[in-house]
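Heads up: the structure comes next, in structure tokens.
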Amino acid sequence: MAVVNVPIWAVCMLRVALATVYFQEEFLDGERWRNRWVQSTNDSQLGHFRLSSGKFYGHKEKDKGLQTTQNGRFYAISARFKPFSNKGKTLVIQYTVKHEQKMDCGGGYVKVFPADVDQKNLNEKSQYYIMFGPDICGFDIKKVHVILHFKNQYHSNKKSIRCKVDGFTHLYALILRPDLTYEVKIDGQSIESGDIEYDWNLTSLKKMEKFSAESKDWDQAEGDKSQDWEKHFLDASASKPSDWNSELEGDWQGPMLQKPPYQVRSGTIFDNFLITDDEEYAENFGKATWGETKGPEREMDAIQAKEEMKKAREEDEQELLMGKFGGQEDTFQRFHRRDEL
């Protein structure tokens, strides 16, 4: 039997070639991102994005992403890509989000839209196929939304999936598989998984064609208004009534709970977007982006924190020193002002 030596790089190239990448965005070409992304002009009050790596980062250029710039605003911006179908294939939606302002109330989620969406007119009524990402509001709402559009209705995962709430960059990934299983990962770690039909109460899904998201557009929106998500959220803990008839009344959805009033603060950064049919490619992409800069980002934050503590101590010492001579200084200032009169 002949032995063939195959270089490692050739095997790696073959593995990448098998993956289909529908969309990938890292914002590595500076302001050219404006040629690919379209800001919605549906509402003059929508907030605007800028390209920034934030106040602290792992790599100044690699960590640049779309950052929200205005407090108390909703955001709607989208980028177009070629139509595709994931029928019979795995679908992976992945991106990074950083709430460096320590978000108290707001969403950091993304949506996948039909290809015929009007990007300039993107608004709360624009139909979408998938909504995915973290939502934070107060002490109670710290969850990852996974909402699917099925039978002209939006269905939320009935499990409570907790999101990250610190100020660092985190990697979010949603995996939908053709065998009707799913997985949600944060920072490369699986935090939830299960059966799509069961966890979304889609009891009739297997009677139809397997879930297929055909021809998409990609949207990122912080605090998006669609389905009134900025004011309400589905109660995932609620149980379906025992007398509910799915055939007559349709798939049951939990009641909507109102979010407490909080002020939305800007500063969130979105980056490293990826839509692919290959889980391994997505994992490697996450390691090559977020994985390379997560450590240096925390190191820079720690250095800044030490500098801020040192500055605060110096200011406290200065105040104490000034306090010892406060009486004399006040006397001088009174005479000085009197001379001016």
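Just so we're on the same page: first chain in the structure tokens is A, next is B, and so on; residues restart at 1 for each chain, and ligands are numbered from 1 in the order they show up.
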Step one, run DSSP on the backbone; step two, keep only residues of stretch 23-125 of chain A assigned to helix (DSSP H, G or I); then write them as a ChimeraX atom specification. /A:30-35,119-121
Please produce a file of the residues just selected, as a PDB file, in the first residue's frame, where the atoms kept are N, CA, C and O atoms.
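Below you can see part39.pdb, which holds the result:
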ATOM      1  N   GLY A  30     -11.858  49.846   7.696  1.00  0.00           N
ATOM      2  CA  GLY A  30     -12.157  51.227   8.074  1.00  0.00           C
ATOM      3  C   GLY A  30     -13.567  51.658   7.717  1.00  0.00           C
ATOM      4  O   GLY A  30     -14.529  50.896   7.855  1.00  0.00           O
ATOM      5  N   GLU A  31     -13.689  52.875   7.211  1.00  0.00           N
ATOM      6  CA  GLU A  31     -14.999  53.458   6.963  1.00  0.00           C
ATOM      7  C   GLU A  31     -15.715  52.877   5.748  1.00  0.00           C
ATOM      8  O   GLU A  31     -16.827  53.297   5.417  1.00  0.00           O
ATOM      9  N   ARG A  32     -15.102  51.928   5.064  1.00  0.00           N
ATOM     10  CA  ARG A  32     -15.773  51.306   3.923  1.00  0.00           C
ATOM     11  C   ARG A  32     -16.995  50.501   4.329  1.00  0.00           C
ATOM     12  O   ARG A  32     -17.782  50.089   3.480  1.00  0.00           O
ATOM     13  N   TRP A  33     -17.129  50.244   5.632  1.00  0.00           N
ATOM     14  CA  TRP A  33     -18.313  49.521   6.099  1.00  0.00           C
ATOM     15  C   TRP A  33     -19.596  50.254   5.706  1.00  0.00           C
ATOM     16  O   TRP A  33     -20.654  49.628   5.525  1.00  0.00           O
ATOM     17  N   ARG A  34     -19.522  51.560   5.537  1.00  0.00           N
ATOM     18  CA  ARG A  34     -20.706  52.353   5.181  1.00  0.00           C
ATOM     19  C   ARG A  34     -21.231  52.010   3.791  1.00  0.00           C
ATOM     20  O   ARG A  34     -22.387  52.300   3.470  1.00  0.00           O
ATOM     21  N   ASN A  35     -20.392  51.396   2.961  1.00  0.00           N
ATOM     22  CA  ASN A  35     -20.830  50.972   1.632  1.00  0.00           C
ATOM     23  C   ASN A  35     -21.616  49.663   1.682  1.00  0.00           C
ATOM     24  O   ASN A  35     -22.290  49.310   0.709  1.00  0.00           O
ATOM     25  N   GLN A 119     -34.557  48.051   3.289  1.00  0.00           N
ATOM     26  CA  GLN A 119     -33.547  48.405   4.282  1.00  0.00           C
ATOM     27  C   GLN A 119     -33.684  49.838   4.766  1.00  0.00           C
ATOM     28  O   GLN A 119     -33.481  50.128   5.944  1.00  0.00           O
ATOM     29  N   LYS A 120     -34.020  50.748   3.863  1.00  0.00           N
ATOM     30  CA  LYS A 120     -34.169  52.156   4.243  1.00  0.00           C
ATOM     31  C   LYS A 120     -35.389  52.376   5.127  1.00  0.00           C
ATOM     32  O   LYS A 120     -35.449  53.333   5.898  1.00  0.00           O
ATOM     33  N   ASN A 121     -36.346  51.456   5.004  1.00  0.00           N
ATOM     34  CA  ASN A 121     -37.588  51.607   5.752  1.00  0.00           C
ATOM     35  C   ASN A 121     -37.714  50.579   6.869  1.00  0.00           C
ATOM     36  O   ASN A 121     -38.799  50.304   7.360  1.00  0.00           O
TER      37      ASN A 121
END
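The environment of stretch 285-291 of chain A within 9 Å, counting only C-alpha atoms and disregarding residues fewer than 5 places along the same chain, consists of Glu26, Gly58, Lys62, Asp63, Gln94, Tyr95, Thr96, Thr169, His170, Leu171, Asp187, Gly188, Asn272, Leu274 and Glu280 of chain A.
The gap separating atom CA of A:Gly47 from atom CA of A:Tyr22 is 27.3 Å, in Å to one decimal.
Across the model, the gap from atom CA of A:Gln24 to atom CA of A:Tyr154 is 25.9 Å.
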Can you pull out the residues contacting A:Leu176? Cut-off 7 Å, using only C-alpha atoms, and skip same-chain residues under 2 positions away; I want them as a VMD selection string. chain A and resid 90 to 92 174 178 181 to 183
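Interatomic distance, atom CA of A:Phe23 against atom CA of A:Thr268: 21.3 Å.
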With DSSP run on the backbone, what are the strand (DSSP E or B) residues within stretch 83-172 of chain A? I'd like them as a PyMOL selection string. chain A and resi 91-99+105-107+109-114+130-137+141-150+153-156+162+169-172
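You can rank A:Gly295, A:Gly267, A:Pro134, A:Gly54 by their closest distance to A:Thr68 using only C-alpha atoms, and at the top of that list sits A:Gly267.
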Please provide the set of residues having any atom within 10 Å of A:Met103, restricted to only C-alpha atoms, with same-chain residues fewer than 6 positions apart removed, written as a PyMOL selection string. chain A and resi 135-138+165-167+263-268
